[in-house]
>>> print(open('final13.txt').read())   # compact mmCIF, C-alpha atoms
# COMPACT_ATOMS: atom_id res chain seq x y z
CA MET A 1 -8.85 -20.76 -2.57
CA LYS A 2 -8.48 -24.50 -1.79
CA LYS A 3 -5.50 -24.68 -4.11
CA SER A 4 -3.97 -21.67 -2.37
CA LEU A 5 -4.36 -23.27 1.05
CA LEU A 6 -2.86 -26.52 -0.22
CA ALA A 7 0.10 -24.61 -1.58
CA ILE A 8 0.70 -22.91 1.77
CA ALA A 9 0.39 -26.25 3.56
CA ALA A 10 2.89 -27.82 1.17
CA MET A 11 5.38 -25.01 1.75
CA THR A 12 5.05 -25.47 5.49
CA ALA A 13 5.57 -29.22 5.21
CA PHE A 14 8.72 -28.85 3.14
CA ALA A 15 10.19 -26.10 5.33
CA GLY A 16 11.48 -28.62 7.87
CA ALA A 17 13.17 -30.71 5.21
CA ALA A 18 14.75 -27.65 3.66
CA GLN A 19 16.42 -26.74 6.94
CA ALA A 20 18.80 -29.63 6.45
CA GLN A 21 20.34 -27.77 3.49
CA SER A 22 19.90 -24.13 4.45
CA SER A 23 18.41 -21.79 7.01
CA VAL A 24 14.64 -21.49 6.46
CA THR A 25 12.32 -19.45 8.66
CA VAL A 26 8.53 -19.49 8.76
CA TYR A 27 7.26 -16.16 10.10
CA GLY A 28 4.16 -14.03 10.15
CA ILE A 29 1.80 -11.52 11.76
CA ILE A 30 -1.79 -11.90 12.91
CA ASP A 31 -3.49 -8.54 13.46
CA VAL A 32 -7.18 -8.49 14.43
CA GLY A 33 -9.57 -6.19 16.27
CA VAL A 34 -12.73 -4.11 16.07
CA MET A 35 -13.20 -0.76 14.35
CA GLY A 36 -15.69 1.98 13.71
CA ALA A 37 -15.89 4.66 11.07
CA THR A 38 -18.07 7.70 10.54
CA ASN A 39 -19.42 8.61 7.09
CA SER A 40 -18.30 5.18 6.01
CA PRO A 41 -19.10 2.54 3.42
CA ASN A 42 -20.07 -0.89 4.66
CA LEU A 43 -17.23 -2.90 6.16
CA GLY A 44 -17.68 -5.87 3.85
CA GLY A 45 -21.31 -5.73 2.67
CA PRO A 46 -22.41 -7.68 -0.43
CA TRP A 47 -23.69 -4.82 -2.60
CA VAL A 48 -22.39 -1.54 -3.92
CA GLU A 49 -24.36 1.63 -4.55
CA SER A 50 -24.80 2.33 -8.24
CA GLY A 51 -23.98 6.01 -7.75
CA SER A 52 -20.66 5.27 -6.09
CA PRO A 53 -17.54 6.31 -8.03
CA TYR A 54 -16.08 2.81 -7.91
CA VAL A 55 -17.15 -0.80 -7.76
CA SER A 56 -14.89 -3.26 -6.00
CA SER A 57 -14.83 -7.02 -5.83
CA ASN A 58 -14.47 -7.05 -2.06
CA GLN A 59 -15.17 -3.56 -0.68
CA LYS A 60 -18.78 -2.49 -1.10
CA THR A 61 -21.07 0.18 0.21
CA VAL A 62 -24.74 1.00 0.49
CA ASN A 63 -24.50 4.14 2.60
CA THR A 64 -21.53 6.48 2.90
CA SER A 65 -23.18 8.95 5.26
CA GLY A 66 -23.70 6.64 8.25
CA GLN A 67 -21.48 5.03 10.86
CA ALA A 68 -20.16 1.52 10.45
CA PHE A 69 -18.83 -0.77 13.17
CA GLY A 70 -17.32 -4.17 12.61
CA MET A 71 -14.28 -6.38 12.73
CA MET A 72 -10.89 -4.96 11.83
CA SER A 73 -8.27 -6.84 9.87
CA GLY A 74 -4.73 -5.49 9.85
CA GLY A 75 -5.28 -2.30 11.78
CA GLU A 76 -1.59 -1.87 12.55
CA SER A 77 0.00 -4.38 10.15
CA MET A 78 -1.49 -6.52 7.43
CA SER A 79 -1.71 -10.12 8.62
CA ARG A 80 0.76 -12.28 6.72
CA LEU A 81 2.53 -15.60 6.42
CA GLY A 82 6.03 -15.80 5.04
CA PHE A 83 8.93 -18.09 4.28
CA LYS A 84 12.49 -16.81 4.04
CA GLY A 85 15.79 -18.60 3.84
CA SER A 86 19.47 -18.35 3.10
CA GLU A 87 22.31 -20.67 2.17
CA ASP A 88 25.92 -19.81 2.97
CA LEU A 89 27.95 -19.98 -0.24
CA GLY A 90 31.21 -18.94 1.40
CA GLY A 91 33.26 -15.77 1.18
CA GLY A 92 30.55 -13.69 2.82
CA THR A 93 28.01 -14.53 0.11
CA LYS A 94 24.59 -16.11 0.66
CA ALA A 95 21.79 -17.27 -1.58
CA ILE A 96 18.49 -15.92 -0.24
CA PHE A 97 14.78 -16.17 -1.00
CA ALA A 98 11.46 -14.89 0.36
CA LEU A 99 7.81 -15.79 -0.18
CA GLU A 100 5.16 -13.78 1.63
CA THR A 101 1.38 -13.75 1.44
CA GLY A 102 -1.11 -11.43 3.12
CA PHE A 103 -4.45 -12.55 4.47
CA ASN A 104 -7.61 -10.99 5.86
CA GLY A 105 -9.31 -11.52 9.19
CA ASN A 106 -11.78 -13.98 7.65
CA GLY A 107 -8.92 -16.15 6.42
CA SER A 108 -9.07 -15.14 2.75
CA ILE A 109 -5.96 -14.09 0.85
CA GLY A 110 -5.28 -10.36 1.24
CA ASN A 111 -6.68 -8.16 -1.48
CA GLY A 112 -6.02 -4.43 -1.15
CA ASN A 113 -8.32 -2.27 -3.23
CA ALA A 114 -7.75 1.42 -2.59
CA GLY A 115 -7.81 2.17 -6.28
CA ILE A 116 -10.96 0.17 -7.04
CA SER A 117 -12.93 0.72 -3.89
CA SER A 118 -16.03 2.71 -3.10
CA GLY A 119 -16.98 5.57 -0.84
CA ASN A 120 -14.56 7.55 1.30
CA LYS A 121 -11.04 6.23 0.85
CA ALA A 122 -10.08 7.02 4.43
CA ASN A 123 -12.49 4.45 5.81
CA GLU A 124 -11.84 1.29 3.88
CA GLN A 125 -10.19 -1.82 5.23
CA ALA A 126 -8.12 -2.34 2.10
CA GLY A 127 -5.52 -0.03 0.75
CA ASP A 128 -2.94 -1.28 -1.67
CA THR A 129 -4.02 -2.44 -5.11
CA ALA A 130 -0.60 -3.96 -5.69
CA LEU A 131 -2.12 -6.79 -3.63
CA GLN A 132 -4.75 -8.36 -5.87
CA GLY A 133 -5.30 -11.70 -4.16
CA GLN A 134 -2.11 -13.38 -5.40
CA LEU A 135 -0.91 -16.27 -3.29
CA PHE A 136 2.46 -14.59 -2.65
CA GLY A 137 1.42 -11.03 -3.47
CA ARG A 138 3.63 -9.37 -0.86
CA ALA A 139 6.92 -10.96 -1.94
CA ALA A 140 8.26 -13.70 -4.18
CA TYR A 141 11.95 -13.29 -4.94
CA ALA A 142 15.39 -14.89 -4.80
CA GLY A 143 18.88 -13.46 -4.97
CA LEU A 144 22.41 -13.14 -3.66
CA SER A 145 23.67 -11.23 -0.63
CA ASN A 146 27.25 -10.27 0.12
CA ASP A 147 28.54 -8.65 3.31
CA LYS A 148 30.46 -5.98 1.38
CA LEU A 149 28.84 -5.77 -2.05
CA GLY A 150 25.18 -5.63 -0.98
CA THR A 151 22.09 -7.61 -1.98
CA LEU A 152 20.68 -8.25 -5.46
CA THR A 153 17.25 -9.87 -5.74
CA ALA A 154 14.93 -10.74 -8.63
CA GLY A 155 11.18 -11.26 -8.52
CA ARG A 156 8.18 -9.57 -6.92
CA GLN A 157 9.18 -7.06 -4.26
CA GLN A 158 8.38 -3.68 -2.74
CA ASN A 159 9.19 -0.41 -4.44
CA LEU A 160 11.90 1.70 -2.80
CA MET A 161 9.39 4.33 -1.67
CA LEU A 162 7.19 1.76 0.05
CA ASP A 163 10.27 0.38 1.80
CA ASN A 164 11.18 3.85 3.03
CA ILE A 165 7.73 4.81 4.30
CA GLY A 166 7.84 2.06 6.92
CA GLY A 167 10.78 3.69 8.70
CA TYR A 168 9.73 7.33 8.34
CA ASP A 169 5.98 7.26 8.96
CA PRO A 170 5.28 8.61 12.49
CA VAL A 171 2.04 6.61 12.79
CA ASN A 172 3.21 3.43 11.14
CA ALA A 173 -0.19 1.69 11.09
CA GLN A 174 -2.09 0.43 8.08
CA LEU A 175 -5.57 1.77 8.92
CA PHE A 176 -4.53 4.89 10.83
CA SER A 177 -2.00 6.45 8.44
CA PRO A 178 -2.85 7.46 4.85
CA ILE A 179 0.68 6.83 3.57
CA ASN A 180 0.52 3.33 5.07
CA PHE A 181 -3.07 2.72 4.04
CA SER A 182 -2.80 3.53 0.35
CA GLY A 183 -0.10 2.20 -1.91
CA THR A 184 -0.29 5.40 -3.99
CA TYR A 185 2.53 7.04 -2.05
CA GLY A 186 4.74 3.96 -2.04
CA GLY A 187 4.01 3.53 -5.74
CA GLY A 188 5.13 7.02 -6.70
CA GLY A 189 1.68 8.14 -7.87
CA TYR A 190 -0.12 4.89 -8.69
CA THR A 191 -0.78 2.35 -5.97
CA ASP A 192 -0.36 -0.55 -8.39
CA ASN A 193 3.36 0.27 -8.63
CA SER A 194 4.09 -0.01 -4.92
CA ARG A 195 5.13 -3.61 -5.65
CA VAL A 196 6.84 -4.54 -8.89
CA THR A 197 8.43 -7.60 -10.46
CA GLY A 198 12.02 -6.84 -11.33
CA LEU A 199 15.59 -6.44 -10.06
CA LYS A 200 16.42 -4.72 -6.78
CA TYR A 201 19.81 -3.78 -5.39
CA ILE A 202 20.39 -2.78 -1.75
CA TRP A 203 23.77 -1.55 -0.49
CA LYS A 204 24.50 -0.42 3.06
CA GLY A 205 27.94 1.05 3.67
CA LEU A 206 29.88 0.59 6.87
CA ASP A 207 29.65 4.30 7.73
CA GLY A 208 25.85 4.47 7.56
CA PHE A 209 25.48 5.38 3.90
CA ASN A 210 23.10 3.45 1.66
CA ALA A 211 22.50 3.33 -2.09
CA ASN A 212 19.59 1.35 -3.54
CA ALA A 213 18.13 0.85 -7.00
CA ILE A 214 15.22 -0.98 -8.64
CA TYR A 215 14.52 -1.87 -12.26
CA ALA A 216 11.36 -3.60 -13.48
CA PRO A 217 11.24 -4.06 -17.27
CA GLY A 218 7.86 -3.93 -18.97
CA GLY A 219 8.38 -6.81 -21.37
CA VAL A 220 6.55 -5.10 -24.25
CA SER A 221 7.60 -6.24 -27.72
CA GLY A 222 9.23 -3.54 -29.82
CA GLN A 223 9.50 -0.91 -27.06
CA ALA A 224 11.91 -1.47 -24.19
CA SER A 225 10.68 1.47 -22.12
CA ALA A 226 6.97 0.62 -22.18
CA GLY A 227 5.68 -0.47 -18.79
CA THR A 228 9.13 -0.09 -17.22
CA SER A 229 9.69 1.09 -13.63
CA THR A 230 12.98 2.48 -12.33
CA GLY A 231 14.04 3.97 -9.02
CA ALA A 232 17.13 5.13 -7.15
CA GLN A 233 17.78 5.98 -3.50
CA VAL A 234 20.62 7.45 -1.47
CA GLY A 235 20.67 8.12 2.24
CA TYR A 236 22.43 8.09 5.57
CA GLU A 237 21.40 6.41 8.81
CA ALA A 238 23.13 7.31 12.08
CA GLN A 239 22.24 6.29 15.62
CA LYS A 240 20.21 9.43 16.35
CA TRP A 241 19.15 10.61 12.89
CA GLY A 242 18.64 9.63 9.29
CA VAL A 243 17.83 11.13 5.87
CA GLN A 244 16.75 9.51 2.60
CA ALA A 245 16.17 10.77 -0.95
CA ILE A 246 14.39 8.70 -3.63
CA ALA A 247 13.46 9.22 -7.28
CA SER A 248 11.03 6.94 -9.10
CA HIS A 249 9.65 6.76 -12.66
CA THR A 250 7.25 4.42 -14.42
CA THR A 251 6.53 4.62 -18.14
CA ASP A 252 2.95 3.67 -19.02
CA ALA A 253 2.01 2.88 -15.42
CA GLN A 254 -1.30 1.06 -15.00
CA SER A 255 -4.02 2.30 -12.66
CA LEU A 256 -7.06 0.10 -12.07
CA SER A 257 -10.51 1.54 -11.39
CA GLY A 258 -13.84 -0.16 -10.98
CA ILE A 259 -16.77 -0.21 -13.34
CA THR A 260 -19.42 2.35 -12.49
CA ALA A 261 -23.08 1.81 -13.16
CA GLY A 262 -23.99 2.83 -16.67
CA ASN A 263 -20.63 1.86 -18.14
CA THR A 264 -20.62 -0.76 -20.86
CA ILE A 265 -18.78 -3.87 -19.84
CA GLY A 266 -19.34 -5.99 -22.90
CA ALA A 267 -20.15 -9.61 -22.37
CA LEU A 268 -19.43 -9.65 -18.66
CA SER A 269 -22.25 -11.59 -17.03
CA ASN A 270 -21.27 -11.40 -13.36
CA THR A 271 -22.71 -7.93 -12.84
CA ASN A 272 -26.38 -7.79 -11.82
CA THR A 273 -28.76 -4.99 -10.85
CA ILE A 274 -31.28 -5.00 -8.03
CA SER A 275 -33.77 -2.32 -7.00
CA LEU A 276 -34.36 -1.41 -3.36
CA GLY A 277 -37.74 0.07 -4.26
CA ASN A 278 -36.78 3.55 -3.07
CA GLY A 279 -35.35 4.82 -6.30
CA THR A 280 -31.89 3.44 -5.56
CA ASN A 281 -30.46 0.73 -7.77
CA LEU A 282 -27.66 -1.47 -6.50
CA ILE A 283 -25.35 -3.55 -8.63
CA ALA A 284 -23.44 -6.62 -7.63
CA ALA A 285 -19.68 -6.23 -7.57
CA SER A 286 -17.85 -7.15 -10.73
CA ASN A 287 -14.30 -8.36 -11.25
CA ALA A 288 -14.04 -6.10 -14.30
CA VAL A 289 -11.82 -3.04 -14.16
CA GLN A 290 -10.92 -0.07 -16.29
CA VAL A 291 -7.18 0.39 -16.94
CA THR A 292 -5.74 3.90 -17.26
CA LEU A 293 -2.17 4.35 -18.52
CA SER A 294 0.06 7.24 -17.40
CA ASN A 295 3.68 8.20 -17.03
CA THR A 296 4.44 8.75 -13.34
CA THR A 297 7.45 10.47 -11.78
CA ALA A 298 7.92 10.98 -8.05
CA TYR A 299 10.49 12.31 -5.59
CA MET A 300 10.54 11.56 -1.87
CA PHE A 301 12.62 13.16 0.90
CA THR A 302 12.42 11.93 4.49
CA ALA A 303 14.18 12.72 7.76
CA LYS A 304 14.11 11.61 11.39
CA TYR A 305 15.82 12.85 14.53
CA GLN A 306 16.01 11.50 18.08
CA PRO A 307 16.56 14.47 20.45
CA LEU A 308 15.79 12.29 23.49
CA ASP A 309 16.14 8.59 24.08
CA ALA A 310 12.35 8.31 24.33
CA LEU A 311 11.44 10.78 21.56
CA THR A 312 11.82 10.41 17.78
CA LEU A 313 10.69 13.08 15.32
CA LYS A 314 9.84 12.10 11.72
CA ALA A 315 8.93 14.08 8.59
CA GLY A 316 8.66 13.56 4.87
CA TYR A 317 7.71 15.12 1.55
CA GLU A 318 6.75 13.55 -1.76
CA ARG A 319 6.09 15.16 -5.12
CA GLU A 320 4.11 13.10 -7.61
CA ASN A 321 3.74 14.02 -11.29
CA ILE A 322 1.14 12.17 -13.38
CA GLY A 323 1.38 12.61 -17.15
CA THR A 324 0.25 11.19 -20.46
CA PRO A 325 1.65 7.74 -21.33
CA SER A 326 4.49 7.41 -23.80
CA ASN A 327 3.36 4.23 -25.52
CA SER A 328 -0.40 3.88 -25.13
CA GLN A 329 -0.68 2.83 -28.76
CA LEU A 330 1.18 -0.39 -27.92
CA TYR A 331 -1.50 -1.51 -25.48
CA GLY A 332 -4.28 -2.13 -27.98
CA ASN A 333 -3.83 -5.86 -27.45
CA LEU A 334 -3.60 -5.94 -23.67
CA PRO A 335 -4.35 -9.28 -22.02
CA THR A 336 -7.95 -9.82 -21.00
CA THR A 337 -6.91 -9.59 -17.34
CA ALA A 338 -4.85 -7.14 -15.28
CA SER A 339 -3.69 -8.04 -11.77
CA GLY A 340 -6.27 -10.81 -11.62
CA TYR A 341 -9.22 -8.72 -12.87
CA SER A 342 -11.08 -8.81 -16.18
CA VAL A 343 -10.20 -5.77 -18.30
CA ALA A 344 -13.26 -3.90 -19.54
CA SER A 345 -11.43 -0.99 -21.17
CA VAL A 346 -7.99 0.61 -21.57
CA SER A 347 -7.52 4.35 -21.89
CA ALA A 348 -4.64 6.83 -21.86
CA ASN A 349 -4.50 9.57 -19.24
CA ALA A 350 -5.06 12.84 -21.09
CA TYR A 351 -3.99 15.20 -18.30
CA ASN A 352 -0.75 16.31 -16.68
CA PHE A 353 -0.99 17.18 -13.01
CA SER A 354 0.99 17.08 -9.79
CA GLN A 355 0.34 16.18 -6.17
CA ASN A 356 2.23 17.25 -3.05
CA VAL A 357 2.30 15.02 0.02
CA ALA A 358 3.81 16.11 3.34
CA TRP A 359 3.80 14.62 6.81
CA ALA A 360 5.30 15.18 10.25
CA GLY A 361 4.94 13.57 13.65
CA ALA A 362 6.60 11.93 16.61
CA ASN A 363 6.95 8.69 18.57
CA TYR A 364 7.36 8.76 22.34
CA GLN A 365 8.29 5.74 24.48
CA PHE A 366 6.55 6.52 27.80
CA THR A 367 7.65 3.23 29.39
CA PRO A 368 9.34 0.11 28.02
CA ALA A 369 5.83 -1.24 27.34
CA ILE A 370 3.90 1.90 26.29
CA LYS A 371 4.50 3.85 23.09
CA GLY A 372 2.53 6.77 21.67
CA SER A 373 2.56 8.12 18.12
CA LEU A 374 1.11 11.28 16.57
CA GLY A 375 1.06 12.30 12.92
CA TYR A 376 -0.24 14.98 10.58
CA TYR A 377 -0.55 14.30 6.84
CA TYR A 378 -1.32 16.83 4.11
CA VAL A 379 -2.11 16.03 0.49
CA SER A 380 -2.55 18.78 -2.09
CA THR A 381 -3.73 18.04 -5.62
CA LEU A 382 -2.86 20.91 -7.95
CA SER A 383 -5.56 22.07 -10.35
CA TYR A 384 -5.26 21.35 -14.03
CA ALA A 385 -7.36 22.19 -17.05
CA GLY A 386 -10.12 19.87 -18.21
CA LYS A 387 -10.20 17.63 -15.15
CA ILE A 388 -10.64 18.74 -11.53
CA GLY A 389 -9.87 21.80 -9.49
CA GLY A 390 -7.16 21.84 -6.89
CA GLY A 391 -7.90 20.71 -3.37
CA THR A 392 -6.50 19.30 -0.18
CA SER A 393 -6.89 16.31 2.10
CA GLN A 394 -5.72 16.47 5.72
CA TYR A 395 -5.32 13.62 8.20
CA PHE A 396 -4.73 13.73 11.95
CA SER A 397 -3.65 10.38 13.41
CA ALA A 398 -2.84 8.96 16.84
CA LEU A 399 -1.80 5.48 17.94
CA ALA A 400 -1.08 3.96 21.35
CA ASP A 401 0.75 0.64 21.72
CA TYR A 402 0.98 -1.53 24.82
CA SER A 403 3.43 -4.43 24.61
CA LEU A 404 2.39 -7.57 26.45
CA SER A 405 5.62 -9.26 25.35
CA LYS A 406 8.24 -8.96 22.62
CA ARG A 407 5.83 -10.59 20.17
CA THR A 408 2.39 -9.45 21.28
CA ASN A 409 0.94 -5.96 21.67
CA LEU A 410 -2.41 -4.26 22.07
CA TYR A 411 -3.13 -1.00 20.27
CA ALA A 412 -5.71 1.76 19.92
CA GLY A 413 -5.78 4.08 16.93
CA VAL A 414 -7.77 6.96 15.50
CA MET A 415 -7.55 8.94 12.25
CA ALA A 416 -9.61 12.02 11.40
CA ASN A 417 -9.82 13.01 7.74
CA ASN A 418 -10.99 16.25 6.14
CA ASN A 419 -11.23 16.61 2.35
CA SER A 420 -11.96 19.68 0.30
CA ALA A 421 -14.83 18.75 -2.00
CA SER A 422 -13.01 19.69 -5.21
CA ASN A 423 -9.84 17.69 -4.83
CA GLY A 424 -10.94 14.40 -6.30
CA TYR A 425 -10.91 12.64 -2.91
CA ALA A 426 -14.48 13.63 -2.07
CA PRO A 427 -17.30 13.70 -4.63
CA THR A 428 -18.82 17.13 -5.13
CA THR A 429 -22.45 16.07 -5.68
CA GLY A 430 -24.92 13.42 -4.65
CA ALA A 431 -25.28 11.21 -1.60
CA ASN A 432 -21.53 10.57 -1.48
CA ASN A 433 -20.63 14.23 -0.92
CA ILE A 434 -18.70 13.39 2.26
CA THR A 435 -15.75 15.57 3.22
CA THR A 436 -15.05 14.50 6.81
CA SER A 437 -14.65 11.13 8.51
CA VAL A 438 -13.15 9.48 11.57
CA THR A 439 -11.75 5.96 11.74
CA TYR A 440 -11.02 4.35 15.12
CA GLY A 441 -10.22 0.88 16.39
CA LEU A 442 -8.85 -1.43 19.07
CA GLY A 443 -6.69 -4.36 18.10
CA MET A 444 -4.18 -7.03 18.98
CA ARG A 445 -1.11 -7.94 16.97
CA HIS A 446 0.98 -11.08 17.39
CA THR A 447 4.18 -11.82 15.47
CA PHE A 448 5.76 -15.22 15.09
>>> encode(input="final13.txt", output="C-alpha cells")
Amino acid sequence: MKKSLLAIAAMTAFAGAAQAQSSVTVYGIIDVGVMGATNSPNLGGPWVESGSPYVSSNQKTVNTSGQAFGMMSGGESMSRLGFKGSEDLGGGTKAIFALETGFNGNGSIGNGNAGISSGNKANEQAGDTALQGQLFGRAAYAGLSNDKLGTLTAGRQQNLMLDNIGGYDPVNAQLFSPINFSGTYGGGGYTDNSRVTGLKYIWKGLDGFNANAIYAPGGVSGQASAGTSTGAQVGYEAQKWGVQAIASHTTDAQSLSGITAGNTIGALSNTNTISLGNGTNLIAASNAVQVTLSNTTAYMFTAKYQPLDALTLKAGYERENIGTPSNSQLYGNLPTTASGYSVASVSANAYNFSQNVAWAGANYQFTPAIKGSLGYYYVSTLSYAGKIGGGTSQYFSALADYSLSKRTNLYAGVMANNNSASNGYAPTTGANNITTSVTYGLGMRHTF
C-alpha cells in the first residue's frame, strides 16, 4: 500500500513538469456518505460465516438476516484519482494517455468483489471484480486520436458494454442500480471481463453515427483464440434520442469465486477457523479463489428518448449466454495467481445457460439544481439441466440529486430487491435464505 501511495505521489509531482510538453490533467471524484441495508451482510466486518456461499478478502458477513448501517463509499460513483493527457502531433492527430485508480472511503485502493463476495449481492459495497486492487485498475492506456479517423488505444480499458451502460442506465448510481453495481452486465456475462487489456477503437461520425470495436488477445501459447475477448458496437446519437447495439464474446472467460468452508485449499495458511460457541464456525477471509472457465456471448440493445426538455426516458435489454470453454485443457498450468488472488483450483463450466436482463426508467430535471431518477431492472436466469432452476431478480431504484455547484452534489438513493429463491441469486436453504432486501443511503459527491 505504501508503494502504491508513493507511486501516486510521484505521478502527481511529475504532472506539472509534463505540462511543459503536453496537456496533462489531474482529475477525480470523492464520493462518501452513510448507508443502511436490510437482510444484509456486515459492511466491512473482519469475519465471514462458514455457511456463506462465498468468502471474500474484503467483504465479509456474520449475519445476512439483520440490518446493517455504516459508512458508504462510492454510492453514486466510485471514488477515483486519474491522470490524462494529450500531445498535439499536427494534422488533427493527438497522442493520448490515461491512468485511473479507484479508492474506497477508508483510503485503500478500490477492490470490487461482486463475484467473490458473501451474502445478498444487492447489499454489498463492492461490485466489479474487474477491479482487484490494482494501482491503476480502472484505466491504464495510451493511443492516438484523430478528428476524422477516430481513436485507437492500447492497454487496460473498459469493455464496450460497460461504456454504454453509463449513458443508458436511468439510475446511474453504483450502489442503487444493479447494472452499475455489478460488472457482470458490462462484462457480457462475467464481471471480470468488464475491463480488459487490449486494443479499442472508437469512431464518431459527423452525423451522429458511431462504430466501436475492442480486441483483447489471450496470449496463450499454441491457441490464438484462448482467453480472447472481442466486441463490436454501432449506434446513433441525436440531440433528443439515441440507440446502440453491441455484441461481445470471450473465449475461455475467467470467473473468480471465493473458497467456501470445507473446500480444500492446499497449503494456504492464511485461512483460520474460529468457533463462536453457538454451533457456528467462522473462517477468516482468504485471498484464494476458484477459477471457472466459460465461453460467454452477449448482446445489448439500448435506447433513450427526450420527449420534454426536462424528461429523458431510457431502456435496455441484454442477452447473456454462458457455455462450456473451448480450450480448458490449455489451462492446466495457470499461474498461481489470478487478478491478484491465489488460485486454489481451476475448473471448466459444464453447463450452457442464458440470462435475460431488461431495464427501463426516466430522469426528470425538476429545477436546474434538482434531478430525480427512477428505474426498474429485471433479471431472468433460464433453467438448465444439472444446475439450477430458472428464476428472477427484480430491482426498483430511485435517486434524487441536489447540485450545490457544478462540481458538488448531494444525493439520496434507495434500491429494493426481490429474488426468487431458485434463481441462483438467493440461496434456497439455511440461514442465508434471503429473497428480499432494501439498500438506502445519503451521500455527497465532489468532482475535481
>>> closest_residue(input="final13.txt", among="A:Ala247, A:Leu175, A:Ile96, A:Ala360", to="Val414 of chain A", atoms="all atoms listed in the file")
A:Leu175
>>> atom_distance(input="final13.txt", atom1="atom CA of Gly218 of chain A", atom2="atom CA of Thr251 of chain A")
8.7 Å
>>> residues_around(input="final13.txt", residues="segment 220-237 of chain A", least_positions_apart="2", cutoff="7 Å", atoms="only C-alpha atoms", output="list in words")
Leu160, Gly208, Phe209, Asn210, Ala211, Asn212, Ala213, Ile214, Tyr215, Ala216, Pro217, Gly218, Gln239, Trp241, Gly242, Val243, Gln244, Ala245, Ile246, Ala247, Ser248, His249, Thr250, Thr251, Asp252, Ala253 and Asn327 of chain A
>>> atom_distance(input="final13.txt", atom1="atom CA of Gly188 of chain A", atom2="atom CA of Ile322 of chain A")
9.3 Å
>>> closest_residue(input="final13.txt", among="A:Gly75, A:Gly166, A:Gly198, A:Pro368", to="Ile29 of chain A", atoms="all atoms listed in the file")
A:Gly75
>>> axis_aligned_box(input="final13.txt", around="segment 297-305 of chain A", padding_each_side="6 Å", output="lines of an AutoDock Vina configuration file")
center_x = 11.6
center_y = 11.8
center_z = 1.4
size_x = 20.4
size_y = 14.7
size_z = 38.3
>>> residues_near_point(input="final13.txt", point="(2.0, 9.7, 17.7)", cutoff="9 Å", atoms="all atoms listed in the file", output="ChimeraX atom specification")
/A:170-171,361-364,371-375,397-400
>>> residues_near_point(input="final13.txt", point="(-11.4, -5.3, 18.1)", cutoff="7 Å", atoms="only C-alpha atoms", output="list in words")
Val32, Gly33, Val34, Met35, Met71, Met72, Gly441, Leu442 and Gly443 of chain A
>>> write_last_selection(input="final13.txt", atoms="C-alpha atoms", output="compact mmCIF listing (two decimals), keeping the file's coordinate frame")
# COMPACT_ATOMS: atom_id res chain seq x y z
CA VAL A 32 -7.18 -8.49 14.43
CA GLY A 33 -9.57 -6.19 16.27
CA VAL A 34 -12.73 -4.11 16.07
CA MET A 35 -13.20 -0.76 14.35
CA MET A 71 -14.28 -6.38 12.73
CA MET A 72 -10.89 -4.96 11.83
CA GLY A 441 -10.22 0.88 16.39
CA LEU A 442 -8.85 -1.43 19.07
CA GLY A 443 -6.69 -4.36 18.10
>>> residues_around(input="final13.txt", residues="Trp359 of chain A", least_positions_apart="6", cutoff="6 Å", atoms="only C-alpha atoms", output="short mmCIF file (atom, residue, chain, number, x, y, z; two decimals) with C-alpha atoms, in the coordinates of the input")
data_model
loop_
_atom_site.label_atom_id
_atom_site.label_comp_id
_atom_site.auth_asym_id
_atom_site.auth_seq_id
_atom_site.Cartn_x
_atom_site.Cartn_y
_atom_site.Cartn_z
CA ALA A 315 8.93 14.08 8.59
CA GLY A 316 8.66 13.56 4.87
CA TYR A 376 -0.24 14.98 10.58
CA TYR A 377 -0.55 14.30 6.84
#
>>> atom_distance(input="final13.txt", atom1="atom CA of Ala142 of chain A", atom2="atom CA of Thr197 of chain A")
11.6 Å
>>> closest_atom_pairs(input="final13.txt", of="segment 147-213 of chain A", to="segment 290-301 of chain A", cutoff="8 Å", atoms="only C-alpha atoms", output="tab-separated table")
residue	atom	partner	partner_atom	distance
A:Met161	CA	A:Met300	CA	7.3
A:Gly188	CA	A:Ala298	CA	5.0
A:Gly189	CA	A:Thr296	CA	6.2
A:Tyr190	CA	A:Thr296	CA	7.6
>>> closest_residue(input="final13.txt", among="A:Tyr27, A:Phe103, A:Tyr141, A:Phe353", to="Val196 of chain A", atoms="all atoms listed in the file")
A:Tyr141
>>> closest_residue(input="final13.txt", among="A:Ser255, A:Arg138, A:Phe97, A:Phe69", to="Gly28 of chain A", atoms="all atoms listed in the file")
A:Arg138
>>> closest_residue(input="final13.txt", among="A:Thr367, A:Thr439, A:Thr101, A:Ser393", to="Gln157 of chain A", atoms="all atoms listed in the file")
A:Thr101
>>> closest_residue(input="final13.txt", among="A:Ser345, A:Ser194, A:Thr302, A:Ser73", to="Asn106 of chain A", atoms="all atoms listed in the file")
A:Ser73
